[in-house]
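Right, one structure below, let's go through it.
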Amino acid sequence: MSDKNCETGHAEGAVIKVDNVSYDYRSGEHVSRGVRGVSLVVNRGEFVVLLGHNGSGKSTLAKLLNGFVVPDEGTVTVEGIDTRDNERIYELRAKVGMVFQNADNQMVASVIENDIAFGPENLGVPREEIEKRITWALDAVNMSEHRKRSPNKLSGGQKQRIAIAAILAMYPDVLILDESTAMLDPKGRAEIMETIQRLNKEKGLTVILITHYMDEAIAADKIFVMNEGRVIAEGTPREVFSATDKIAEAKLELPVASKISAELRRAGLDIPFALTDEELTEGLCGLK
Amino acid sequence: MRDITLGQYYPADSFTHKLDPRVKLVLVIAFIVMVFLVKNLIAYAAVILCVVLGTLISRIPISKVLKSIKTIIFLVLFTAVLNLLFYKGDTVLWSWWRISVSLEGILFSIKMALRLILLVMGTTLLTYTTTPTGLTDGMESLMYPLKLIKVPTHDIAVIMSIALRFIPILSEEVDKIMMAQKARGASFDTGGIVKRAKALLPVLIPLFVSAFRRADELALALDARCYNATPNRTRYQIMKPTYRDLIAVAGTAAFIVLVVALNMNFWGAYVPSESLWWLFS
Ligand SMILES: Nc1ncnc2c1ncn2[C@@H]1O[C@H](COP(=O)(O)OP(=O)(O)OP(=O)(O)O)[C@@H](O)[C@H]1O
Ligand SMILES: [Mg+2]
């Protein structure tokens with residue numbers, strides 16, 4: 001991430017390429033569908049949101065991206081590294097950092113700075129450099145003053161920020177958050193959204209956010225909608241959410257503003273499709 | 001359930017906090033051996049002095065120390081009563097059936113109680129003044145000889161570190177589950193032992209389920225952070241003994257000599273007067 005140009009962002013080419021990938025979970029005779037025929041590209045500096053109902057394959061796709069599982073068919077490459085390449089698997093995992101749902105289950109040490117040091121230590125980063133990375137990562141998530149404290153007394157949002165910092169300290173190119181906001185209260189969710197949006201804008205970090213909350217998807221550069229292991233829609237939030245049939249097919253809800261505007265349009269009112277509350281207000285005010 | 005003090009670091013800026021964890025570990029082991037070797041009350045007095053001084057130097061509040069004793073107070077009282085009633089002494093003060101209370105029995109149960117309390121105070125002194133990372137790093141470093149014979153000392157250290165981190169989390173979870181079960185009418189503090197043990201079953205099962213779920217995610221999280229990526233792992237926390245460690249070792253050694261001397265009546269040089277026999281037996 002250090003060598004990245006923050007401003008130019010989007011046009012810098014692909015970080016992650018997923019090419020016609022299928023993966024099934026097998027245990028003995030039993031096979032359960034993971035993902036089927038997924039192809040997608042994530043560009044450097046993008047804020048990507050992955051939507052889909054329970055069991056649609058989001059986590060499986062995430063696990064494919066950092067080599068936790070390798071495709072049955074097709075290939076996944078991260079900056080040219082194939083996830084099947086066992087020699088470079090740790091290099092790949094450091095590039096594609098993953099944060100999970102429950103922050104408590106991701107911390108290994110009882111003092112925050114030691115927990116953040118864990119990743120760089122595993123990578124063999126020299127001590128002085130680890131020191132710097134801890135300072136940088138804690139600053140990036142606005143948690144510097146907690147450095148020497150125990151994670152146990154923190155709020156859910158703060159814990160999750162520490163979990164993010166612990167991944168940032170490995171200097172990843174891509175940050176994947178697998179429902180990392182699911183267990184948080186609205187305040188904690190807002191904290192995390194603010195943090196990752198800032199990381200994405202200011203540090204040029206590529207973010208892949210997996211979520212059930214549609215309002216978190218509105219800010220995305222690109223959305224992928226998954227259903228039964230396949231990507232059934234992709235595009236900007238406006239493109240994706242205005243394709244209401246696809247959203248219905250994926251058994252998802254529209255963001256509140258979009259839902260209201262869609263209902264109003266169906267009721268015969270002439271207002272534009274709205275993504276945010278502001279757009280909805282504008283649309284309503286524009287009514288004669 | 002919340003009073004699990006083991007693995008609860010008490011942050012402060014004291015002499016003891018700054019010691020090398022390895023030195024502290026070795027000193028605590030020496031302390032434990034010392035406590036087990038002590039025979040007479042006057043030597044116990046010296047050990048008590050040692051622990052009290054150690055606690056004062058470490059700037060740990062008395063309330064914290066008392067809290068750690070509270071967790072074992074039941075065990076202490078239980079063994080003390082048993083010793084009191086069943087110790088076969090010569091100077092019998094009172095007896096009934098097979099039970100007898102003797103002067104020697106009283107002394108013995110006091111000593112046993114002191115021994116338990118001192119052991120806990122001494123070892124919690126270590127856990128209060130050392131971060132869990134310090135502890136596990138220290139242990140890993142002390143286990144170095146084992147590493148030479150291919151024992152995975154680093155994995156053991158990581159396991160200990162995770163265990164220490166999850167003790168408070170799981171104990172909090174036990175609280176929550178117990179409250180949830182109480183809300184459904186379960187009762188944990190009435191009835192006989194069997195009934196109480198049965199009442200705990202609906203607590204243990206959800207606890208295990210949740211622990212396994214946590215373990216699943218933790219395993220992924222360890223992989224996500226490149227655990228075992230390279231054998232040339234580096235270390236953020238440095239351990240370097242300083243002059244402080246020298247002072248601590250010298251101080252503890254002096255105490256050990258004192259305790260041993262008192263314990264053996266200065267190797268027989270000092271013969272206590274008749275009225276003080278109880279201090280020296
Ligand atoms: N470890 C596993 N073993 C077997 N099958 C699995 C495993 N993990 C997931 N699956 C199956 O793969 C499918 C996709 O699951 P996945 O976890 O990717 O969905 P998801 O979109 O992340 O859902 P959620 O929103 O619930 O997290 C599901 O049908 C699930 O049953
Ligand atoms: Mg999932």
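Naming scheme: A, B, ... for chains in displayed order of the structure tokens; residues 1 onward per chain; ligands 1 onward as shown.
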
Protein and nucleic residues near ligand 1, 10 Å, only C-alpha atoms and all ligand atoms, as a ChimeraX atom specification: /A:23-27,30-35,50-64,101,178-179,182,210-212,226-229 /B:216

If you run DSSP on this backbone, which residues of stretch 15-154 of chain A come out as strand (DSSP E or B), and could you give them as number ranges by chain? A: 15-27, 30-43, 47-51, 73-78, 81-82, 96-99

Counting only C-alpha atoms, give me one row per residue of chain B with an atom at most 8 Å from an atom of chain A, showing the shortest contact pair and its distance in Å to one decimal, sorted by chain then residue number, as a tab-separated table.
residue	atom	partner	partner_atom	distance
B:Thr131	CA	A:Val111	CA	7.4
B:Pro132	CA	A:Ser110	CA	6.2
B:Thr133	CA	A:Ala109	CA	6.5
B:Val158	CA	A:Val108	CA	7.8
B:Ser161	CA	A:Ala109	CA	6.0
B:Ile162	CA	A:Val108	CA	5.2
B:Leu164	CA	A:Ser110	CA	7.4
B:Arg165	CA	A:Ser110	CA	5.3
B:Pro168	CA	A:Asn152	CA	7.9
B:Ile169	CA	A:Asn152	CA	7.7
B:Arg214	CA	A:Asn105	CA	5.7
B:Ala215	CA	A:Asn105	CA	7.5
B:Glu217	CA	A:Asn105	CA	6.2
B:Leu218	CA	A:Asn105	CA	5.2
B:Ala221	CA	A:Gln106	CA	5.3
B:Leu222	CA	A:Gln106	CA	7.4
B:Ala224	CA	A:Met98	CA	6.1
B:Arg225	CA	A:Gly119	CA	4.8
B:Cys226	CA	A:Tyr90	CA	5.8
B:Tyr227	CA	A:Asn122	CA	5.5
B:Asn228	CA	A:Asn122	CA	6.3
B:Ala229	CA	A:Tyr90	CA	5.8
B:Thr230	CA	A:Leu123	CA	6.3
B:Asn232	CA	A:Gly124	CA	5.8
B:Arg233	CA	A:Gly124	CA	4.5
B:Thr234	CA	A:Gly124	CA	4.8
B:Arg235	CA	A:Glu121	CA	5.7
B:Tyr236	CA	A:Arg127	CA	5.2
B:Gln237	CA	A:Asn114	CA	7.7

Dump N, CA and C atoms for the selected residues as a PDB file, in the first residue's frame?
ATOM      1  N   THR B 131       2.727  -8.565  31.500  1.00  0.00           N
ATOM      2  CA  THR B 131       1.687  -8.688  30.483  1.00  0.00           C
ATOM      3  C   THR B 131       1.650 -10.150  30.037  1.00  0.00           C
ATOM      4  N   PRO B 132       0.472 -10.613  29.615  1.00  0.00           N
ATOM      5  CA  PRO B 132       0.399 -11.993  29.136  1.00  0.00           C
ATOM      6  C   PRO B 132       1.417 -12.256  28.025  1.00  0.00           C
ATOM      7  N   THR B 133       1.634 -11.251  27.174  1.00  0.00           N
ATOM      8  CA  THR B 133       2.642 -11.437  26.131  1.00  0.00           C
ATOM      9  C   THR B 133       4.014 -11.624  26.751  1.00  0.00           C
ATOM     10  N   VAL B 158       2.074 -19.464  21.698  1.00  0.00           N
ATOM     11  CA  VAL B 158       0.884 -18.849  21.092  1.00  0.00           C
ATOM     12  C   VAL B 158      -0.379 -19.420  21.728  1.00  0.00           C
ATOM     13  N   SER B 161      -0.818 -17.821  25.021  1.00  0.00           N
ATOM     14  CA  SER B 161      -1.233 -16.436  24.854  1.00  0.00           C
ATOM     15  C   SER B 161      -2.727 -16.357  24.550  1.00  0.00           C
ATOM     16  N   ILE B 162      -3.180 -17.217  23.651  1.00  0.00           N
ATOM     17  CA  ILE B 162      -4.600 -17.217  23.287  1.00  0.00           C
ATOM     18  C   ILE B 162      -5.445 -17.648  24.481  1.00  0.00           C
ATOM     19  N   LEU B 164      -4.801 -17.235  27.631  1.00  0.00           N
ATOM     20  CA  LEU B 164      -4.874 -16.118  28.569  1.00  0.00           C
ATOM     21  C   LEU B 164      -5.836 -15.044  28.083  1.00  0.00           C
ATOM     22  N   ARG B 165      -5.855 -14.838  26.761  1.00  0.00           N
ATOM     23  CA  ARG B 165      -6.741 -13.814  26.244  1.00  0.00           C
ATOM     24  C   ARG B 165      -8.209 -14.221  26.328  1.00  0.00           C
ATOM     25  N   PRO B 168     -10.898 -14.233  30.174  1.00  0.00           N
ATOM     26  CA  PRO B 168     -11.943 -13.257  30.524  1.00  0.00           C
ATOM     27  C   PRO B 168     -13.139 -13.291  29.582  1.00  0.00           C
ATOM     28  N   ILE B 169     -12.899 -13.548  28.295  1.00  0.00           N
ATOM     29  CA  ILE B 169     -14.011 -13.565  27.333  1.00  0.00           C
ATOM     30  C   ILE B 169     -14.964 -14.709  27.657  1.00  0.00           C
ATOM     31  N   ARG B 214     -15.978 -20.038  18.172  1.00  0.00           N
ATOM     32  CA  ARG B 214     -14.880 -19.070  18.283  1.00  0.00           C
ATOM     33  C   ARG B 214     -13.583 -19.660  17.732  1.00  0.00           C
ATOM     34  N   ALA B 215     -13.326 -20.901  18.080  1.00  0.00           N
ATOM     35  CA  ALA B 215     -12.084 -21.551  17.642  1.00  0.00           C
ATOM     36  C   ALA B 215     -12.002 -21.595  16.128  1.00  0.00           C
ATOM     37  N   GLU B 217     -13.353 -19.465  13.945  1.00  0.00           N
ATOM     38  CA  GLU B 217     -13.026 -18.157  13.395  1.00  0.00           C
ATOM     39  C   GLU B 217     -11.587 -17.781  13.732  1.00  0.00           C
ATOM     40  N   LEU B 218     -11.178 -18.152  14.943  1.00  0.00           N
ATOM     41  CA  LEU B 218      -9.807 -17.850  15.366  1.00  0.00           C
ATOM     42  C   LEU B 218      -8.793 -18.524  14.448  1.00  0.00           C
ATOM     43  N   ALA B 221      -8.565 -16.551  11.445  1.00  0.00           N
ATOM     44  CA  ALA B 221      -7.902 -15.278  11.713  1.00  0.00           C
ATOM     45  C   ALA B 221      -6.385 -15.470  11.828  1.00  0.00           C
ATOM     46  N   LEU B 222      -5.965 -16.586  12.436  1.00  0.00           N
ATOM     47  CA  LEU B 222      -4.527 -16.856  12.543  1.00  0.00           C
ATOM     48  C   LEU B 222      -3.928 -17.023  11.155  1.00  0.00           C
ATOM     49  N   ALA B 224      -5.152 -15.788   8.387  1.00  0.00           N
ATOM     50  CA  ALA B 224      -5.216 -14.504   7.707  1.00  0.00           C
ATOM     51  C   ALA B 224      -4.040 -13.627   8.120  1.00  0.00           C
ATOM     52  N   ARG B 225      -3.499 -13.893   9.307  1.00  0.00           N
ATOM     53  CA  ARG B 225      -2.372 -13.079   9.741  1.00  0.00           C
ATOM     54  C   ARG B 225      -1.053 -13.819   9.574  1.00  0.00           C
ATOM     55  N   CYS B 226      -1.069 -14.760   8.638  1.00  0.00           N
ATOM     56  CA  CYS B 226       0.154 -15.415   8.179  1.00  0.00           C
ATOM     57  C   CYS B 226       0.888 -16.163   9.285  1.00  0.00           C
ATOM     58  N   TYR B 227       0.122 -16.740  10.198  1.00  0.00           N
ATOM     59  CA  TYR B 227       0.748 -17.543  11.241  1.00  0.00           C
ATOM     60  C   TYR B 227       1.541 -18.668  10.592  1.00  0.00           C
ATOM     61  N   ASN B 228       2.791 -18.873  11.073  1.00  0.00           N
ATOM     62  CA  ASN B 228       3.674 -19.907  10.520  1.00  0.00           C
ATOM     63  C   ASN B 228       4.169 -19.608   9.111  1.00  0.00           C
ATOM     64  N   ALA B 229       4.140 -18.332   8.719  1.00  0.00           N
ATOM     65  CA  ALA B 229       4.575 -18.001   7.366  1.00  0.00           C
ATOM     66  C   ALA B 229       6.057 -18.299   7.191  1.00  0.00           C
ATOM     67  N   THR B 230       6.837 -17.959   8.173  1.00  0.00           N
ATOM     68  CA  THR B 230       8.274 -18.161   8.039  1.00  0.00           C
ATOM     69  C   THR B 230       8.857 -18.648   9.355  1.00  0.00           C
ATOM     70  N   ASN B 232      11.642 -17.767  10.319  1.00  0.00           N
ATOM     71  CA  ASN B 232      12.428 -16.637  10.830  1.00  0.00           C
ATOM     72  C   ASN B 232      11.538 -15.547  11.364  1.00  0.00           C
ATOM     73  N   ARG B 233      10.637 -15.937  12.225  1.00  0.00           N
ATOM     74  CA  ARG B 233       9.713 -15.007  12.812  1.00  0.00           C
ATOM     75  C   ARG B 233      10.491 -13.983  13.641  1.00  0.00           C
ATOM     76  N   THR B 234      10.032 -12.736  13.604  1.00  0.00           N
ATOM     77  CA  THR B 234      10.697 -11.733  14.441  1.00  0.00           C
ATOM     78  C   THR B 234       9.872 -11.502  15.699  1.00  0.00           C
ATOM     79  N   ARG B 235      10.373 -10.644  16.554  1.00  0.00           N
ATOM     80  CA  ARG B 235       9.716 -10.432  17.835  1.00  0.00           C
ATOM     81  C   ARG B 235       9.671  -8.945  18.135  1.00  0.00           C
ATOM     82  N   TYR B 236       8.482  -8.484  18.451  1.00  0.00           N
ATOM     83  CA  TYR B 236       8.343  -7.056  18.728  1.00  0.00           C
ATOM     84  C   TYR B 236       8.807  -6.738  20.147  1.00  0.00           C
ATOM     85  N   GLN B 237       8.372  -7.562  21.077  1.00  0.00           N
ATOM     86  CA  GLN B 237       8.717  -7.319  22.479  1.00  0.00           C
ATOM     87  C   GLN B 237      10.157  -7.795  22.708  1.00  0.00           C
TER      88      GLN B 237
END

May I have all residues of stretch 17-164 of chain B that DSSP, computed from the backbone, assigns to alpha helix (DSSP H), given as an MDAnalysis selection string? chainID B and resid 21:37 41:57 62:70 73:86 103:129 132:142 144:148 153:164

For atom CA of A:Asp72 and atom CA of A:Ser22, determine how far apart the two atoms are, in Å to one decimal place.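 About the pair atom CA of A:Asp72 and atom CA of A:Ser22: they are 5.7 Å apart.
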
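We find atom CA of A:Thr281 and atom CA of A:Glu216 to be spaced 19.3 Å apart.
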
What does the structure give for the distance between atom CA of B:Ser187 and atom CA of B:Glu172, in Å to one decimal? 18.4 Å

Near B:Pro61, within 12 Å and counting only C-alpha atoms, which residues show up once chain neighbours fewer than 5 positions away are dropped, as a PDB file with all heavy atoms, in the first residue's frame?
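Output saved as selection_20.pdb:
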ATOM      1  N   TYR B  10      -2.130  -6.021  35.828  1.00  0.00           N
ATOM      2  CA  TYR B  10      -2.474  -4.740  36.438  1.00  0.00           C
ATOM      3  C   TYR B  10      -1.430  -3.720  36.006  1.00  0.00           C
ATOM      4  O   TYR B  10      -0.294  -3.748  36.461  1.00  0.00           O
ATOM      5  CB  TYR B  10      -2.508  -4.868  37.960  1.00  0.00           C
ATOM      6  CG  TYR B  10      -2.803  -3.563  38.647  1.00  0.00           C
ATOM      7  CD1 TYR B  10      -4.095  -3.081  38.715  1.00  0.00           C
ATOM      8  CD2 TYR B  10      -1.776  -2.799  39.183  1.00  0.00           C
ATOM      9  CE1 TYR B  10      -4.370  -1.868  39.303  1.00  0.00           C
ATOM     10  CE2 TYR B  10      -2.039  -1.581  39.779  1.00  0.00           C
ATOM     11  CZ  TYR B  10      -3.336  -1.123  39.834  1.00  0.00           C
ATOM     12  OH  TYR B  10      -3.603   0.085  40.413  1.00  0.00           O
ATOM     13  N   PRO B  11      -1.819  -2.807  35.089  1.00  0.00           N
ATOM     14  CA  PRO B  11      -0.805  -1.890  34.571  1.00  0.00           C
ATOM     15  C   PRO B  11      -0.348  -0.896  35.635  1.00  0.00           C
ATOM     16  O   PRO B  11      -1.169  -0.282  36.309  1.00  0.00           O
ATOM     17  CB  PRO B  11      -1.520  -1.171  33.422  1.00  0.00           C
ATOM     18  CG  PRO B  11      -2.937  -1.560  33.493  1.00  0.00           C
ATOM     19  CD  PRO B  11      -3.155  -2.563  34.559  1.00  0.00           C
ATOM     20  N   ALA B  12       0.938  -0.781  35.820  1.00  0.00           N
ATOM     21  CA  ALA B  12       1.516   0.221  36.719  1.00  0.00           C
ATOM     22  C   ALA B  12       2.972   0.383  36.298  1.00  0.00           C
ATOM     23  O   ALA B  12       3.480  -0.404  35.498  1.00  0.00           O
ATOM     24  CB  ALA B  12       1.415  -0.233  38.167  1.00  0.00           C
ATOM     25  N   VAL B  52       4.962  -9.372  51.107  1.00  0.00           N
ATOM     26  CA  VAL B  52       4.424  -8.037  51.357  1.00  0.00           C
ATOM     27  C   VAL B  52       5.325  -6.978  50.731  1.00  0.00           C
ATOM     28  O   VAL B  52       4.857  -6.059  50.039  1.00  0.00           O
ATOM     29  CB  VAL B  52       4.252  -7.790  52.871  1.00  0.00           C
ATOM     30  CG1 VAL B  52       3.957  -6.325  53.150  1.00  0.00           C
ATOM     31  CG2 VAL B  52       3.139  -8.663  53.421  1.00  0.00           C
ATOM     32  N   GLY B  54       7.342  -7.415  48.233  1.00  0.00           N
ATOM     33  CA  GLY B  54       7.186  -7.555  46.784  1.00  0.00           C
ATOM     34  C   GLY B  54       5.945  -6.838  46.295  1.00  0.00           C
ATOM     35  O   GLY B  54       5.964  -6.126  45.289  1.00  0.00           O
ATOM     36  N   THR B  55       4.831  -6.994  47.032  1.00  0.00           N
ATOM     37  CA  THR B  55       3.582  -6.357  46.632  1.00  0.00           C
ATOM     38  C   THR B  55       3.699  -4.837  46.703  1.00  0.00           C
ATOM     39  O   THR B  55       3.241  -4.116  45.811  1.00  0.00           O
ATOM     40  CB  THR B  55       2.434  -6.829  47.541  1.00  0.00           C
ATOM     41  OG1 THR B  55       2.469  -8.262  47.585  1.00  0.00           O
ATOM     42  CG2 THR B  55       1.098  -6.379  47.017  1.00  0.00           C
ATOM     43  N   LEU B  56       4.347  -4.358  47.783  1.00  0.00           N
ATOM     44  CA  LEU B  56       4.513  -2.909  47.931  1.00  0.00           C
ATOM     45  C   LEU B  56       5.354  -2.350  46.793  1.00  0.00           C
ATOM     46  O   LEU B  56       5.001  -1.339  46.182  1.00  0.00           O
ATOM     47  CB  LEU B  56       5.155  -2.589  49.281  1.00  0.00           C
ATOM     48  CG  LEU B  56       4.240  -2.791  50.492  1.00  0.00           C
ATOM     49  CD1 LEU B  56       4.976  -2.456  51.778  1.00  0.00           C
ATOM     50  CD2 LEU B  56       2.985  -1.941  50.349  1.00  0.00           C
ATOM     51  N   LEU B  66      -6.268  -8.917  47.808  1.00  0.00           N
ATOM     52  CA  LEU B  66      -7.330  -9.599  48.551  1.00  0.00           C
ATOM     53  C   LEU B  66      -8.257 -10.349  47.593  1.00  0.00           C
ATOM     54  O   LEU B  66      -8.700 -11.446  47.870  1.00  0.00           O
ATOM     55  CB  LEU B  66      -8.134  -8.588  49.369  1.00  0.00           C
ATOM     56  CG  LEU B  66      -7.374  -7.946  50.529  1.00  0.00           C
ATOM     57  CD1 LEU B  66      -8.271  -6.972  51.284  1.00  0.00           C
ATOM     58  CD2 LEU B  66      -6.837  -9.017  51.485  1.00  0.00           C
ATOM     59  N   LYS B  67      -8.499  -9.728  46.433  1.00  0.00           N
ATOM     60  CA  LYS B  67      -9.372 -10.353  45.452  1.00  0.00           C
ATOM     61  C   LYS B  67      -8.800 -11.697  44.995  1.00  0.00           C
ATOM     62  O   LYS B  67      -9.535 -12.674  44.827  1.00  0.00           O
ATOM     63  CB  LYS B  67      -9.510  -9.412  44.257  1.00  0.00           C
ATOM     64  CG  LYS B  67     -10.852  -9.503  43.575  1.00  0.00           C
ATOM     65  CD  LYS B  67     -11.004  -8.354  42.593  1.00  0.00           C
ATOM     66  CE  LYS B  67     -11.168  -8.870  41.193  1.00  0.00           C
ATOM     67  NZ  LYS B  67     -11.081  -7.809  40.179  1.00  0.00           N
ATOM     68  N   SER B  68      -7.485 -11.734  44.801  1.00  0.00           N
ATOM     69  CA  SER B  68      -6.896 -12.992  44.361  1.00  0.00           C
ATOM     70  C   SER B  68      -6.965 -14.039  45.468  1.00  0.00           C
ATOM     71  O   SER B  68      -7.120 -15.226  45.209  1.00  0.00           O
ATOM     72  CB  SER B  68      -5.456 -12.782  43.896  1.00  0.00           C
ATOM     73  OG  SER B  68      -4.649 -12.392  44.973  1.00  0.00           O
ATOM     74  N   LEU B 125       1.482 -12.065  42.002  1.00  0.00           N
ATOM     75  CA  LEU B 125       2.421 -10.948  41.872  1.00  0.00           C
ATOM     76  C   LEU B 125       3.047 -10.979  40.480  1.00  0.00           C
ATOM     77  O   LEU B 125       3.223  -9.954  39.821  1.00  0.00           O
ATOM     78  CB  LEU B 125       3.506 -11.096  42.943  1.00  0.00           C
ATOM     79  CG  LEU B 125       4.198  -9.838  43.410  1.00  0.00           C
ATOM     80  CD1 LEU B 125       3.185  -8.821  43.883  1.00  0.00           C
ATOM     81  CD2 LEU B 125       5.176 -10.170  44.522  1.00  0.00           C
ATOM     82  N   TYR B 128       0.168 -10.150  37.866  1.00  0.00           N
ATOM     83  CA  TYR B 128      -0.253  -8.748  37.916  1.00  0.00           C
ATOM     84  C   TYR B 128       0.786  -7.819  37.291  1.00  0.00           C
ATOM     85  O   TYR B 128       0.453  -6.782  36.742  1.00  0.00           O
ATOM     86  CB  TYR B 128      -0.471  -8.306  39.366  1.00  0.00           C
ATOM     87  CG  TYR B 128      -1.856  -8.595  39.894  1.00  0.00           C
ATOM     88  CD1 TYR B 128      -2.044  -9.024  41.191  1.00  0.00           C
ATOM     89  CD2 TYR B 128      -2.982  -8.414  39.100  1.00  0.00           C
ATOM     90  CE1 TYR B 128      -3.303  -9.290  41.694  1.00  0.00           C
ATOM     91  CE2 TYR B 128      -4.244  -8.682  39.585  1.00  0.00           C
ATOM     92  CZ  TYR B 128      -4.403  -9.114  40.887  1.00  0.00           C
ATOM     93  OH  TYR B 128      -5.657  -9.374  41.361  1.00  0.00           O
ATOM     94  N   THR B 129       2.048  -8.180  37.390  1.00  0.00           N
ATOM     95  CA  THR B 129       3.083  -7.245  36.929  1.00  0.00           C
ATOM     96  C   THR B 129       3.629  -7.590  35.554  1.00  0.00           C
ATOM     97  O   THR B 129       4.480  -6.881  35.040  1.00  0.00           O
ATOM     98  CB  THR B 129       4.274  -7.217  37.904  1.00  0.00           C
ATOM     99  OG1 THR B 129       4.865  -8.516  37.938  1.00  0.00           O
ATOM    100  CG2 THR B 129       3.848  -6.812  39.294  1.00  0.00           C
TER     101      THR B 129
END

For ligand 2, which residue out of A:Ser180, A:Thr206, A:Asn86, A:Ser144 is the nearest one, using only C-alpha atoms and all ligand atoms? A:Ser180

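The residue that comes closest to ligand 2, out of A:Leu269, A:Leu209, A:Val18, A:Leu280 and on the basis of only C-alpha atoms and all ligand atoms, is A:Leu209.
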
Select, from A:Ser261, A:Ala217, A:Lys159, A:Ile176, the residue with the minimum atom-to-atom distance to ligand 2, counting only C-alpha atoms and all ligand atoms.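 Of A:Ser261, A:Ala217, A:Lys159, A:Ile176, the one nearest ligand 2, counting only C-alpha atoms and all ligand atoms, is A:Ile176.
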
Fewer than 6 positions away in the same chain doesn't count, so skip those; otherwise give me all residues within 10 Å of A:Val174, counting only C-alpha atoms, as a PyMOL selection string. chain A and resi 1+15-16+42-47+65-66+78+93-98+168+200+204-208

Using only C-alpha atoms, determine which residues lie at most 7 Å from stretch 235-242 of chain A, disregarding the query and same-chain residues fewer than 6 positions distant; provide the list as JSON, numbers by chain. {"A": [217, 218, 220, 221, 222, 223, 224, 254, 275]}

Between A:Pro272, A:Glu29, A:Val48, A:Asn20, which residue has the minimum interatomic distance to A:Thr77, considering only C-alpha atoms?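 Looking only at the distances to A:Thr77, the closest residue turns out to be A:Asn20.
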